[in-house]
Structure formats: structure tokens, C-alpha cells
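> Structure supplied as final34.cif; contents: mmCIF, C-alpha atoms and all ligand atoms.
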```cif
data_target
#
loop_
_atom_site.group_PDB
_atom_site.id
_atom_site.type_symbol
_atom_site.label_atom_id
_atom_site.label_comp_id
_atom_site.auth_asym_id
_atom_site.auth_seq_id
_atom_site.Cartn_x
_atom_site.Cartn_y
_atom_site.Cartn_z
ATOM 1 C CA MET A 1 -40.959 45.998 19.253
ATOM 2 C CA GLU A 2 -40.129 49.644 18.748
ATOM 3 C CA VAL A 3 -42.896 51.400 16.840
ATOM 4 C CA LYS A 4 -42.324 54.731 15.127
ATOM 5 C CA LEU A 5 -45.299 57.029 14.904
ATOM 6 C CA ASN A 6 -45.897 58.966 11.754
ATOM 7 C CA ASP A 7 -44.663 62.451 12.690
ATOM 8 C CA GLU A 8 -47.246 64.168 10.539
ATOM 9 C CA VAL A 9 -49.994 62.856 12.775
ATOM 10 C CA GLN A 10 -50.411 64.321 16.229
ATOM 11 C CA SER A 11 -50.953 61.019 17.972
ATOM 12 C CA VAL A 12 -50.849 60.907 21.744
ATOM 13 C CA ILE A 13 -50.351 57.405 23.023
ATOM 14 C CA TYR A 14 -50.982 56.221 26.580
ATOM 15 C CA ALA A 15 -47.827 54.418 27.732
ATOM 16 C CA ASP A 16 -49.635 52.555 30.498
ATOM 17 C CA SER A 17 -53.281 53.033 29.737
ATOM 18 C CA PRO A 18 -55.792 52.422 32.565
ATOM 19 C CA LEU A 19 -58.304 51.401 29.884
ATOM 20 C CA ARG A 20 -55.900 48.765 28.554
ATOM 21 C CA GLN A 21 -55.225 47.493 32.083
ATOM 22 C CA ALA A 22 -58.944 47.304 32.813
ATOM 23 C CA VAL A 23 -59.672 45.340 29.629
ATOM 24 C CA LEU A 24 -56.840 42.889 30.270
ATOM 25 C CA GLN A 25 -57.987 42.431 33.864
ATOM 26 C CA ARG A 26 -61.511 41.622 32.683
ATOM 27 C CA LEU A 27 -60.168 39.220 30.054
ATOM 28 C CA ASN A 28 -57.883 37.456 32.512
ATOM 29 C CA ARG A 29 -60.824 36.878 34.801
ATOM 30 C CA GLY A 30 -62.718 35.373 31.866
ATOM 31 C CA GLN A 31 -59.653 33.468 30.728
ATOM 32 C CA ALA A 32 -59.610 31.276 33.809
ATOM 33 C CA MET A 33 -63.072 30.164 32.746
ATOM 34 C CA SER A 34 -62.409 29.909 29.038
ATOM 35 C CA HIS A 35 -59.361 27.681 29.658
ATOM 36 C CA ILE A 36 -61.736 25.162 31.187
ATOM 37 C CA SER A 37 -63.628 24.976 27.891
ATOM 38 C CA GLY A 38 -60.355 24.887 25.938
ATOM 39 C CA GLY A 39 -60.403 28.473 24.656
ATOM 40 C CA SER A 40 -57.895 31.263 25.092
ATOM 41 C CA VAL A 41 -57.918 35.005 24.661
ATOM 42 C CA ASN A 42 -54.849 36.473 23.053
ATOM 43 C CA PHE A 43 -55.041 40.182 22.277
ATOM 44 C CA GLU A 44 -52.759 43.197 22.612
ATOM 45 C CA ILE A 45 -54.214 46.687 23.067
ATOM 46 C CA ILE A 46 -52.673 50.016 22.042
ATOM 47 C CA HIS A 47 -54.540 53.041 23.353
ATOM 48 C CA PHE A 48 -54.330 56.574 21.973
ATOM 49 C CA ARG A 49 -55.706 59.584 23.730
ATOM 50 C CA GLU A 50 -55.979 61.238 20.334
ATOM 51 C CA THR A 51 -55.139 60.212 16.804
ATOM 52 C CA ASP A 52 -56.324 60.850 13.257
ATOM 53 C CA SER A 53 -57.965 57.468 12.712
ATOM 54 C CA THR A 54 -57.366 54.168 14.467
ATOM 55 C CA ASN A 55 -57.573 52.484 11.039
ATOM 56 C CA ASN A 56 -54.676 54.633 9.832
ATOM 57 C CA ARG A 57 -52.664 53.890 12.972
ATOM 58 C CA ALA A 58 -53.306 50.152 12.663
ATOM 59 C CA LYS A 59 -52.108 50.229 9.048
ATOM 60 C CA CYS A 60 -48.908 52.106 10.011
ATOM 61 C CA TYR A 61 -48.216 49.641 12.819
ATOM 62 C CA ALA A 62 -48.876 46.742 10.415
ATOM 63 C CA ALA A 63 -46.222 48.158 8.092
ATOM 64 C CA GLU A 64 -43.806 48.089 11.055
ATOM 65 C CA GLY A 65 -44.504 44.399 11.672
ATOM 66 C CA CYS A 66 -47.079 44.696 14.463
ATOM 67 C CA LYS A 67 -48.541 41.362 15.499
ATOM 68 C CA ASP A 68 -51.842 39.710 14.667
ATOM 69 C CA ARG A 69 -54.793 40.436 16.993
ATOM 70 C CA THR A 70 -53.751 43.910 18.104
ATOM 71 C CA LEU A 71 -56.543 46.314 18.970
ATOM 72 C CA PHE A 72 -56.066 50.066 18.530
ATOM 73 C CA VAL A 73 -58.377 52.242 20.595
ATOM 74 C CA ALA A 74 -58.618 56.053 20.616
ATOM 75 C CA ASP A 75 -60.467 58.353 22.999
ATOM 76 C CA CYS A 76 -60.813 60.761 20.158
ATOM 77 C CA GLN A 77 -60.179 60.757 16.391
ATOM 78 C CA THR A 78 -59.487 63.940 14.476
ATOM 79 C CA ARG A 79 -60.132 62.362 11.069
ATOM 80 C CA GLY A 80 -62.411 59.394 11.707
ATOM 81 C CA LYS A 81 -63.293 57.644 8.458
ATOM 82 C CA GLY A 82 -66.599 56.080 7.459
ATOM 83 C CA ARG A 83 -67.434 53.944 4.445
ATOM 84 C CA ARG A 84 -67.747 55.368 0.941
ATOM 85 C CA GLY A 85 -65.281 58.169 1.713
ATOM 86 C CA ARG A 86 -67.516 59.706 4.371
ATOM 87 C CA SER A 87 -66.175 61.086 7.624
ATOM 88 C CA TRP A 88 -67.086 59.516 10.975
ATOM 89 C CA LEU A 89 -67.806 61.849 13.859
ATOM 90 C CA SER A 90 -65.566 60.693 16.711
ATOM 91 C CA ASP A 91 -64.072 63.809 18.268
ATOM 92 C CA SER A 92 -64.900 62.861 21.865
ATOM 93 C CA ASP A 93 -64.699 59.824 24.126
ATOM 94 C CA SER A 94 -68.500 59.413 24.166
ATOM 95 C CA GLY A 95 -68.060 56.537 21.756
ATOM 96 C CA LEU A 96 -65.798 53.574 21.268
ATOM 97 C CA TRP A 97 -63.452 54.026 18.320
ATOM 98 C CA MET A 98 -61.270 51.016 17.688
ATOM 99 C CA SER A 99 -59.540 49.046 14.960
ATOM 100 C CA LEU A 100 -58.560 45.434 15.040
ATOM 101 C CA LEU A 101 -55.407 44.377 13.195
ATOM 102 C CA LEU A 102 -55.511 40.794 11.933
ATOM 103 C CA ARG A 103 -52.898 38.954 9.906
ATOM 104 C CA PRO A 104 -54.556 35.709 8.874
ATOM 105 C CA ASP A 105 -52.947 33.348 6.423
ATOM 106 C CA LEU A 106 -55.730 33.613 3.866
ATOM 107 C CA LYS A 107 -56.399 34.639 0.296
ATOM 108 C CA PRO A 108 -57.589 38.251 -0.148
ATOM 109 C CA ASP A 109 -61.035 37.160 -1.384
ATOM 110 C CA LYS A 110 -61.826 35.916 2.148
ATOM 111 C CA ALA A 111 -61.249 39.310 3.775
ATOM 112 C CA SER A 112 -64.796 40.637 3.368
ATOM 113 C CA MET A 113 -66.064 37.738 5.520
ATOM 114 C CA LEU A 114 -64.047 39.049 8.456
ATOM 115 C CA THR A 115 -66.248 42.122 8.520
ATOM 116 C CA LEU A 116 -69.265 39.904 9.053
ATOM 117 C CA VAL A 117 -67.468 38.010 11.823
ATOM 118 C CA ALA A 118 -66.780 41.346 13.540
ATOM 119 C CA ALA A 119 -70.380 42.505 13.078
ATOM 120 C CA LEU A 120 -71.687 39.345 14.713
ATOM 121 C CA ALA A 121 -69.257 39.759 17.630
ATOM 122 C CA VAL A 122 -70.228 43.422 18.151
ATOM 123 C CA ALA A 123 -73.963 42.635 18.065
ATOM 124 C CA GLU A 124 -73.516 39.855 20.613
ATOM 125 C CA ALA A 125 -71.217 41.956 22.832
ATOM 126 C CA LEU A 126 -73.598 44.925 22.906
ATOM 127 C CA GLY A 127 -76.553 42.681 23.769
ATOM 128 C CA ASN A 128 -74.586 41.174 26.667
ATOM 129 C CA ILE A 129 -73.359 44.533 27.979
ATOM 130 C CA VAL A 130 -76.797 46.128 27.920
ATOM 131 C CA SER A 131 -78.404 43.228 29.753
ATOM 132 C CA GLN A 132 -75.549 43.100 32.317
ATOM 133 C CA THR A 133 -75.875 46.851 32.933
ATOM 134 C CA MET A 134 -79.615 47.481 32.594
ATOM 135 C CA GLY A 135 -81.205 44.069 33.083
ATOM 136 C CA ASN A 136 -83.715 42.828 30.574
ATOM 137 C CA THR A 137 -84.610 45.879 28.471
ATOM 138 C CA GLY A 138 -86.097 43.830 25.648
ATOM 139 C CA LEU A 139 -83.794 45.755 23.328
ATOM 140 C CA GLY A 140 -82.155 43.628 20.660
ATOM 141 C CA PHE A 141 -79.052 44.219 18.566
ATOM 142 C CA SER A 142 -79.323 43.180 14.947
ATOM 143 C CA ILE A 143 -77.116 43.325 11.884
ATOM 144 C CA LYS A 144 -78.070 45.212 8.774
ATOM 145 C CA TRP A 145 -76.203 43.353 6.068
ATOM 146 C CA PRO A 146 -73.322 43.277 5.793
ATOM 147 C CA ASN A 147 -72.060 45.049 8.897
ATOM 148 C CA ASP A 148 -74.089 47.872 10.446
ATOM 149 C CA ILE A 149 -75.273 47.151 13.960
ATOM 150 C CA VAL A 150 -78.800 48.310 14.531
ATOM 151 C CA THR A 151 -80.911 48.792 17.630
ATOM 152 C CA GLY A 152 -84.361 50.325 17.801
ATOM 153 C CA GLN A 153 -84.313 50.459 13.961
ATOM 154 C CA LYS A 154 -81.286 52.806 13.985
ATOM 155 C CA LYS A 155 -77.560 52.354 13.454
ATOM 156 C CA VAL A 156 -75.475 52.274 16.640
ATOM 157 C CA CYS A 157 -72.245 50.948 15.133
ATOM 158 C CA GLY A 158 -70.499 51.081 11.772
ATOM 159 C CA ILE A 159 -67.574 49.020 10.516
ATOM 160 C CA LEU A 160 -64.931 49.980 7.956
ATOM 161 C CA THR A 161 -62.551 47.237 6.833
ATOM 162 C CA GLU A 162 -59.304 47.901 4.988
ATOM 163 C CA MET A 163 -56.800 45.394 3.685
ATOM 164 C CA GLY A 164 -53.171 45.201 2.565
ATOM 165 C CA THR A 165 -52.096 42.316 0.352
ATOM 166 C CA ASP A 166 -48.789 40.647 -0.290
ATOM 167 C CA ALA A 167 -48.665 38.889 -3.681
ATOM 168 C CA ASP A 168 -51.847 36.798 -3.537
ATOM 169 C CA SER A 169 -52.272 36.572 0.219
ATOM 170 C CA ILE A 170 -53.458 38.892 2.959
ATOM 171 C CA ASP A 171 -50.723 40.958 4.621
ATOM 172 C CA TYR A 172 -53.129 42.591 7.068
ATOM 173 C CA VAL A 173 -56.799 43.315 7.565
ATOM 174 C CA VAL A 174 -57.843 46.287 9.669
ATOM 175 C CA ILE A 175 -61.410 46.196 10.941
ATOM 176 C CA GLY A 176 -62.408 49.653 12.166
ATOM 177 C CA ILE A 177 -65.368 49.718 14.522
ATOM 178 C CA GLY A 178 -67.194 52.844 15.664
ATOM 179 C CA ILE A 179 -69.827 52.468 18.394
ATOM 180 C CA ASN A 180 -71.920 55.370 19.655
ATOM 181 C CA VAL A 181 -71.878 54.559 23.351
ATOM 182 C CA ASN A 182 -72.682 57.420 25.750
ATOM 183 C CA THR A 183 -73.408 59.934 22.989
ATOM 184 C CA GLN A 184 -76.211 62.240 24.158
ATOM 185 C CA GLN A 185 -76.904 64.106 20.942
ATOM 186 C CA ILE A 186 -76.818 62.804 17.414
ATOM 187 C CA PRO A 187 -76.311 65.482 14.726
ATOM 188 C CA GLU A 188 -79.576 66.541 13.109
ATOM 189 C CA SER A 189 -78.470 65.339 9.676
ATOM 190 C CA ILE A 190 -78.285 61.671 10.774
ATOM 191 C CA ARG A 191 -80.770 61.649 13.652
ATOM 192 C CA GLU A 192 -83.328 59.613 11.703
ATOM 193 C CA THR A 193 -80.935 56.746 11.119
ATOM 194 C CA ALA A 194 -78.327 56.859 13.908
ATOM 195 C CA THR A 195 -78.474 56.382 17.657
ATOM 196 C CA SER A 196 -76.359 55.522 20.719
ATOM 197 C CA LEU A 197 -76.535 52.982 23.535
ATOM 198 C CA TYR A 198 -77.329 55.821 25.940
ATOM 199 C CA LEU A 199 -80.165 57.187 23.806
ATOM 200 C CA GLU A 200 -81.767 53.752 23.458
ATOM 201 C CA THR A 201 -81.379 52.536 27.043
ATOM 202 C CA GLY A 202 -80.775 55.588 29.270
ATOM 203 C CA GLY A 203 -77.686 53.819 30.682
ATOM 204 C CA HIS A 204 -74.015 54.761 30.744
ATOM 205 C CA TYR A 205 -71.460 52.200 29.697
ATOM 206 C CA GLN A 206 -67.738 51.666 30.312
ATOM 207 C CA ARG A 207 -65.735 51.250 27.131
ATOM 208 C CA GLU A 208 -63.487 48.658 28.797
ATOM 209 C CA ASP A 209 -66.499 46.421 29.464
ATOM 210 C CA ILE A 210 -67.566 46.621 25.833
ATOM 211 C CA ILE A 211 -64.033 45.968 24.567
ATOM 212 C CA ALA A 212 -63.574 42.925 26.810
ATOM 213 C CA GLU A 213 -66.958 41.533 25.802
ATOM 214 C CA PHE A 214 -66.233 42.188 22.121
ATOM 215 C CA ILE A 215 -62.823 40.495 22.252
ATOM 216 C CA GLN A 216 -64.312 37.365 23.784
ATOM 217 C CA SER A 217 -67.142 37.157 21.244
ATOM 218 C CA PHE A 218 -64.779 37.917 18.378
ATOM 219 C CA GLU A 219 -62.294 35.201 19.397
ATOM 220 C CA LYS A 220 -65.096 32.658 19.573
ATOM 221 C CA TYR A 221 -66.449 33.426 16.096
ATOM 222 C CA TYR A 222 -63.063 34.155 14.495
ATOM 223 C CA ASN A 223 -61.678 30.784 15.562
ATOM 224 C CA LYS A 224 -64.711 29.062 14.023
ATOM 225 C CA PHE A 225 -64.193 31.073 10.853
ATOM 226 C CA LEU A 226 -60.524 30.055 10.668
ATOM 227 C CA GLU A 227 -61.398 26.389 11.234
ATOM 228 C CA ASN A 228 -63.715 26.373 8.206
ATOM 229 C CA GLY A 229 -62.143 29.071 6.047
ATOM 230 C CA SER A 230 -65.714 30.295 5.607
ATOM 231 C CA LEU A 231 -68.722 31.473 7.585
ATOM 232 C CA LYS A 232 -70.187 27.941 7.621
ATOM 233 C CA GLY A 233 -69.861 27.531 11.410
ATOM 234 C CA ILE A 234 -71.338 30.922 12.300
ATOM 235 C CA MET A 235 -73.794 31.527 9.465
ATOM 236 C CA GLU A 236 -76.753 30.462 11.558
ATOM 237 C CA ASP A 237 -75.833 32.834 14.411
ATOM 238 C CA TYR A 238 -75.375 35.645 11.888
ATOM 239 C CA ASN A 239 -78.682 34.938 10.143
ATOM 240 C CA ASN A 240 -80.479 34.907 13.493
ATOM 241 C CA LYS A 241 -79.292 38.483 14.016
ATOM 242 C CA LEU A 242 -79.866 39.649 10.438
ATOM 243 C CA ILE A 243 -82.518 42.376 10.497
ATOM 244 C CA ASN A 244 -83.025 42.132 6.729
ATOM 245 C CA ARG A 245 -83.954 38.471 6.923
ATOM 246 C CA ASN A 246 -87.416 37.770 5.470
ATOM 247 C CA ARG A 247 -87.813 41.470 4.707
ATOM 248 C CA GLN A 248 -88.015 43.331 1.438
ATOM 249 C CA VAL A 249 -84.722 44.946 0.462
ATOM 250 C CA ARG A 250 -83.521 47.160 -2.348
ATOM 251 C CA VAL A 251 -79.951 46.556 -3.474
ATOM 252 C CA LEU A 252 -78.202 49.815 -4.345
ATOM 253 C CA GLY A 253 -75.129 50.020 -6.540
ATOM 254 C CA THR A 254 -76.029 47.495 -9.243
ATOM 255 C CA SER A 255 -76.803 48.599 -12.798
ATOM 256 C CA ASP A 256 -80.283 47.016 -12.645
ATOM 257 C CA GLU A 257 -82.258 47.752 -9.527
ATOM 258 C CA LEU A 258 -82.687 44.584 -7.507
ATOM 259 C CA VAL A 259 -85.659 44.366 -5.157
ATOM 260 C CA GLY A 260 -86.706 41.259 -3.311
ATOM 261 C CA GLU A 261 -86.877 39.383 -0.058
ATOM 262 C CA ALA A 262 -83.594 38.774 1.775
ATOM 263 C CA LEU A 263 -83.359 35.125 2.794
ATOM 264 C CA GLY A 264 -80.060 35.274 4.714
ATOM 265 C CA ILE A 265 -76.356 34.946 3.966
ATOM 266 C CA ASP A 266 -74.539 31.987 2.462
ATOM 267 C CA GLU A 267 -71.224 30.688 3.787
ATOM 268 C CA THR A 268 -69.253 33.304 1.854
ATOM 269 C CA GLY A 269 -71.245 36.140 3.407
ATOM 270 C CA ALA A 270 -73.171 36.964 0.222
ATOM 271 C CA LEU A 271 -76.794 38.003 0.752
ATOM 272 C CA ILE A 272 -79.350 35.702 -0.843
ATOM 273 C CA VAL A 273 -82.247 37.682 -2.304
ATOM 274 C CA GLN A 274 -85.382 36.222 -3.838
ATOM 275 C CA THR A 275 -87.003 38.525 -6.361
ATOM 276 C CA ASP A 276 -90.783 38.716 -6.879
ATOM 277 C CA ASP A 277 -90.573 36.474 -9.952
ATOM 278 C CA GLY A 278 -89.052 33.731 -7.759
ATOM 279 C CA LYS A 279 -85.456 34.064 -8.991
ATOM 280 C CA VAL A 280 -82.750 33.701 -6.342
ATOM 281 C CA LYS A 281 -79.742 36.008 -6.603
ATOM 282 C CA THR A 282 -76.656 36.355 -4.437
ATOM 283 C CA VAL A 283 -75.330 39.802 -3.659
ATOM 284 C CA VAL A 284 -71.651 40.122 -2.759
ATOM 285 C CA ALA A 285 -70.628 42.363 0.156
ATOM 286 C CA GLY A 286 -68.456 45.315 -0.764
ATOM 287 C CA GLU A 287 -70.058 45.893 -4.147
ATOM 288 C CA VAL A 288 -73.447 47.171 -3.111
ATOM 289 C CA SER A 289 -75.458 48.424 -0.176
ATOM 290 C CA VAL A 290 -78.863 47.307 0.925
ATOM 291 C CA ARG A 291 -81.772 49.374 2.175
ATOM 292 C CA GLY A 292 -85.171 48.378 3.471
ATOM 293 C CA ILE A 293 -87.975 49.269 1.130
ATOM 294 C CA TYR A 294 -89.529 51.711 3.601
ATOM 295 C CA GLY A 295 -86.472 53.100 5.377
ATOM 296 C CA TYR A 296 -83.016 52.499 6.753
ATOM 297 C CA VAL A 297 -83.676 48.870 7.691
HETATM 298 C C1 LIG B 301 -69.367 53.319 8.522
HETATM 299 O O1 LIG B 301 -69.345 54.223 7.689
HETATM 300 O O2 LIG B 301 -70.413 52.784 8.863
HETATM 301 C C2 LIG B 301 -68.071 52.826 9.122
HETATM 302 C C3 LIG B 301 -67.623 53.664 10.266
HETATM 303 C C4 LIG B 301 -66.343 53.155 10.928
HETATM 304 C C5 LIG B 301 -65.843 54.087 11.998
HETATM 305 C C6 LIG B 301 -64.689 53.511 12.756
HETATM 306 S S1 LIG B 301 -64.280 54.437 14.207
HETATM 307 C C7 LIG B 301 -62.823 53.510 14.409
HETATM 308 C C8 LIG B 301 -62.238 53.293 13.032
HETATM 309 N N1 LIG B 301 -61.394 54.408 12.656
HETATM 310 C C9 LIG B 301 -61.900 55.087 11.629
HETATM 311 O O3 LIG B 301 -61.369 56.096 11.123
HETATM 312 N N2 LIG B 301 -63.043 54.536 11.232
HETATM 313 C C10 LIG B 301 -63.381 53.365 12.008
#
```
Is it possible to give me this structure as C-alpha cells?


Amino acid sequence: MEVKLNDEVQSVIYADSPLRQAVLQRLNRGQAMSHISGGSVNFEIIHFRETDSTNNRAKCYAAEGCKDRTLFVADCQTRGKGRRGRSWLSDSDSGLWMSLLLRPDLKPDKASMLTLVAALAVAEALGNIVSQTMGNTGLGFSIKWPNDIVTGQKKVCGILTEMGTDADSIDYVVIGIGINVNTQQIPESIRETATSLYLETGGHYQREDIIAEFIQSFEKYYNKFLENGSLKGIMEDYNNKLINRNRQVRVLGTSDELVGEALGIDETGALIVQTDDGKVKTVVAGEVSVRGIYGYV
């Protein structure tokens, strides 16, 4: 398929990216094994040396008919986007900046669950990569509901999901994932809450290893999600990684302040919170954010 780039954006695309080759090589090695257990890995990768935002690129490619399960990766973003209209610092290749384009045949109200599927896959992938590279560090990767990945009580990865709809079904979902990988210095303003794999472990990591590991974890959980049309089959794995579980949380963004103990997610991805008076409430992702009572988690 011929893809036109938006001329206003100075995107530099790698025609035959070594990173793409390396990821596919790693996946093909794994594929021989996953065929034995009946699985398959089916991803395309488009690699930019520089672009404004991989989410923006993925959306433009979606408009041109780009296929399901395409991953957009950039060495550097000039206008990386975070949630709530914030910017996302990603002007160097010290991190992994990528967006996954999915085109599932689902109703739009299911889209927010995909973010949780991606969060679970990232948390698992990072845990695997760190133990493969550094051995047993004892460092865990958890999820702060709904989709921040946390290690050492700080955020190492953020996820921004955007969707396009077509009548009452999903046209595309773009899941943008930013991981601070080999970042040596976190800006002062976010140092209390943000970190990188390097800062937590002292190790250096190859982005292609992380991408390959992520794709394999994502396929596993995404296929289970599609089978059920809900998080039913992966809820337990998610809850086992949920840092808020059995902790006091404050729900921000509701008219009445909601404080209580987070019990876990249900099969739609909503957070179940029990307030001090014993009432159980469900909090829907996308409407609110959750903070620990005494800090970021
Ligand atoms: C957050 O605020 O926590 C979400 C951050 C998401 C950043 C990633 S980096 C790759 C993709 N492209 C973007 O412009 N944003 C996402």
C-alpha cells in the first residue's frame, strides 16, 4: 500500500529499518515456538527516525487504510503527547515511543479496555526484559490503574489511547506507549514521580528486545480479550499487577470526592472501590484518575 505522509509534518521514515528487522528476527525465532502451542505473531512495524507523534502518524495511516496490528515507532518525537493535553518529553532515542494501530470489530464502548490490555502486556514485557538482562533484581513492574506502569513507586511508562469511530463501531484504536528506557536524567519537575529502566536497574536495554517482548505479551492477552469481548480472561493477571489493589485511593475528577480501598478491576476494566462506610462503587476508566492517599501510588 502506498502511504502519503502529511507534508506539514517533517517525518523521516526508515525505508529498511535495522530496528524493524531486529524485532521481526526476534519474533520469528519466538514464532517457531509459539506455533507449537498454536499461537502466531502477526505484526507490521513502521519506524520513523523523527516525527511529531507516533499517535498522529498512526491516525494518518489509519485514514489511508493501514492494516490492523501495525506498530509505529519513532526514535524521536517533536510533539509527543501525554494524557490530559500534556506534552510528553520524547526528543531523543533514550526511550521507546510507539503507537499500536488496532482495527477490531467492536463497539466503541469496549475501546477503553484495550488500554488495560496494553498496560498488562507492557508490565509483563518489562519484567521479562529486566530479568533477562540483569538477572533477578527483585524489581517488579506494576500497573497504576488504569494504565501507568510503575516500578520502584514511580512511573516508567504512560499510555495514551485515541479512537476513531465509524457509525457505531470502532474504525481504529491507537494505543500510544511511552517508556523511559535508557533515560539518565528525569526533569526536576517530574523527578518525584517518574523514572526510567536505567535509573531503577543500572542496565541498558535494546528497544528491539522490549518491542519483541511487548508484541508477544500483547498478542497473548489481546487474543484472550477478543475471545471474551471483555477482560474476563485476563482480569486476574491484571489484578495481580495492580499496585492500587488493597490500598487506599482517592478518585479525582468526580463531583464528590471518593476515597476508599481499591479491590481490583471488574471484567469491563472499571475499578472497584470500597468506601469506609462499606459501600462498593465502580469507577470507569477515562472519566477520572486515581491517586494513592499518600503519594503517586
Ligand atoms: C501519559 O500521559 O501518561 C501518556 C503518555 C503517552 C506517550 C506516548 S509516546 C508514544 C505515543 N506518541 C505520543 O505522542 N504519545 C504516546

> Each side padded by 8 Å, which centre and which edge lengths in Å (one decimal) define the axis-aligned box around the listed atoms of ligand LIG 301 (chain B)? Give them as lines of an AutoDock Vina configuration file.


```
center_x = -65.9
center_y = 54.4
center_z = 11.0
size_x = 25.0
size_y = 19.3
size_z = 22.7
```

> Counting only C-alpha atoms and all ligand atoms, name the residues that have an atom within 8 Å of an atom of ligand LIG 301 (chain B); the answer should be given as a ChimeraX atom specification.

/A:52-56,73-74,77,79-84,86-88,90,96-99,147-148,157-160,175-179

> Need to verify the contact set: segment 122-138 of chain A, 10 Å, all atoms listed in the file, exclusion of same-chain residues closer than 6 positions in sequence. Can you return it as a ChimeraX atom specification?

/A:116,147-151,156-159,177,179,181,197-198,200-206,209-218,237-238,241

> Out of A:Thr165, A:Thr78, A:Thr195, A:Asn246, which residue has the shortest atom-to-atom distance to Gly152 of chain A when counting only C-alpha atoms?

A:Thr195

> Just say which residues the PyMOL selection byres (((chain A and resi 168) around 10) and not hetatm) picks in this file, as an MDAnalysis selection string.

chainID A and resid 106:109 165:167 169:171

> For the atom pair atom CA of Tyr221 of chain A and atom CA of Pro104 of chain A, what is the interatomic distance in Å to one decimal place?

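These atoms are spaced 14.1 Å apart.
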
> Rounded to one decimal in Å, what is the spacing between atom CA of Glu162 of chain A and atom CA of Gly264 of chain A?

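It comes out at 24.3 Å.
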
> Which distance in Å separates atom CA of Val290 of chain A and atom CA of Gln274 of chain A, to one decimal?

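Calculated distance between atom CA of Val290 of chain A and atom CA of Gln274 of chain A is 13.7 Å.
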
> What's around Gly295 of chain A at 10 Å? Count only C-alpha atoms, leave out sequence neighbours fewer than 4 positions away in its own chain, and write the answer as a list of chain:residue names.

A:Gln153, A:Glu192, A:Thr193, A:Val249, A:Arg291

> I'd like to know which of A:Tyr172, A:Tyr222, A:Trp145, A:Phe48 is closest to Asn244 of chain A, using all atoms listed in the file.

A:Trp145

> Applying the PyMOL selection byres (((chain A and resi 285) around 10) and not hetatm) to the file I just gave you, which residues come out? Please list them as an mmCIF file with C-alpha atoms, in the frame of the given file.


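Below is the file that was written, part-v9.cif:
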```
data_model
loop_
_atom_site.group_PDB
_atom_site.id
_atom_site.type_symbol
_atom_site.label_atom_id
_atom_site.label_comp_id
_atom_site.auth_asym_id
_atom_site.auth_seq_id
_atom_site.Cartn_x
_atom_site.Cartn_y
_atom_site.Cartn_z
ATOM 1 C CA SER A 112 -64.796 40.637 3.368
ATOM 2 C CA MET A 113 -66.064 37.738 5.520
ATOM 3 C CA THR A 115 -66.248 42.122 8.520
ATOM 4 C CA LEU A 116 -69.265 39.904 9.053
ATOM 5 C CA TRP A 145 -76.203 43.353 6.068
ATOM 6 C CA PRO A 146 -73.322 43.277 5.793
ATOM 7 C CA ASN A 147 -72.060 45.049 8.897
ATOM 8 C CA THR A 268 -69.253 33.304 1.854
ATOM 9 C CA GLY A 269 -71.245 36.140 3.407
ATOM 10 C CA ALA A 270 -73.171 36.964 0.222
ATOM 11 C CA LEU A 271 -76.794 38.003 0.752
ATOM 12 C CA THR A 282 -76.656 36.355 -4.437
ATOM 13 C CA VAL A 283 -75.330 39.802 -3.659
ATOM 14 C CA VAL A 284 -71.651 40.122 -2.759
ATOM 15 C CA GLY A 286 -68.456 45.315 -0.764
ATOM 16 C CA GLU A 287 -70.058 45.893 -4.147
ATOM 17 C CA VAL A 288 -73.447 47.171 -3.111
ATOM 18 C CA SER A 289 -75.458 48.424 -0.176
ATOM 19 C CA VAL A 290 -78.863 47.307 0.925
#
```

> Show me as an mmCIF file with C-alpha atoms, in the coordinates of the input the residues that reach within 6 Å of (-70.6, 57.8, 22.8), counting all atoms listed in the file and using the file's own coordinates.


```cif
data_model
loop_
_atom_site.group_PDB
_atom_site.id
_atom_site.type_symbol
_atom_site.label_atom_id
_atom_site.label_comp_id
_atom_site.auth_asym_id
_atom_site.auth_seq_id
_atom_site.Cartn_x
_atom_site.Cartn_y
_atom_site.Cartn_z
ATOM 1 C CA SER A 94 -68.500 59.413 24.166
ATOM 2 C CA GLY A 95 -68.060 56.537 21.756
ATOM 3 C CA ASN A 180 -71.920 55.370 19.655
ATOM 4 C CA VAL A 181 -71.878 54.559 23.351
ATOM 5 C CA ASN A 182 -72.682 57.420 25.750
ATOM 6 C CA THR A 183 -73.408 59.934 22.989
#
```

> Calculated over all atoms listed in the file, which of the candidates A:Val174, A:Val23, A:Leu242, A:Ala262 has the smallest distance to Tyr61 of chain A?

A:Val174

> Taking 4 positions as the minimum chain separation for residues in the same chain, which residues sit within 10 Å of Val12 of chain A when counting only C-alpha atoms? Answer as number ranges by chain.

A: 5, 47-51, 74

> On this structure, which residues satisfy the PyMOL selection byres (((chain A and resi 20) around 10) and not hetatm), written as a list in words?

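Answer for the PyMOL selection byres (((chain A and resi 20) around 10) and not hetatm): Tyr14, Ala15, Asp16, Ser17, Pro18, Leu19, Gln21, Ala22, Val23, Leu24, Gln25, Arg26, Glu44, Ile45, Ile46, His47, Leu71, Val73, Glu208, Ile211 and Ala212 of chain A.
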
> Looking at A:Glu188, A:Asp105, A:Asp75, A:Glu64, which one is nearest to Ser92 of chain A, with distances taken over all atoms listed in the file?

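Checking each of A:Glu188, A:Asp105, A:Asp75, A:Glu64 against Ser92 of chain A, counting all atoms listed in the file, the winner is A:Asp75.
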
> Given the choices A:Arg250, A:Lys144, A:Lys279, A:Arg57, which gets closest to Gly292 of chain A if the distance is worked out from only C-alpha atoms?

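Nearest to Gly292 of chain A: A:Arg250.
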
> Which of these, A:Leu263, A:Val117, A:Val280, A:Cys76, has the shortest distance to Gly233 of chain A once you count all atoms listed in the file?

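The answer is A:Val117, which sits nearest to Gly233 of chain A.
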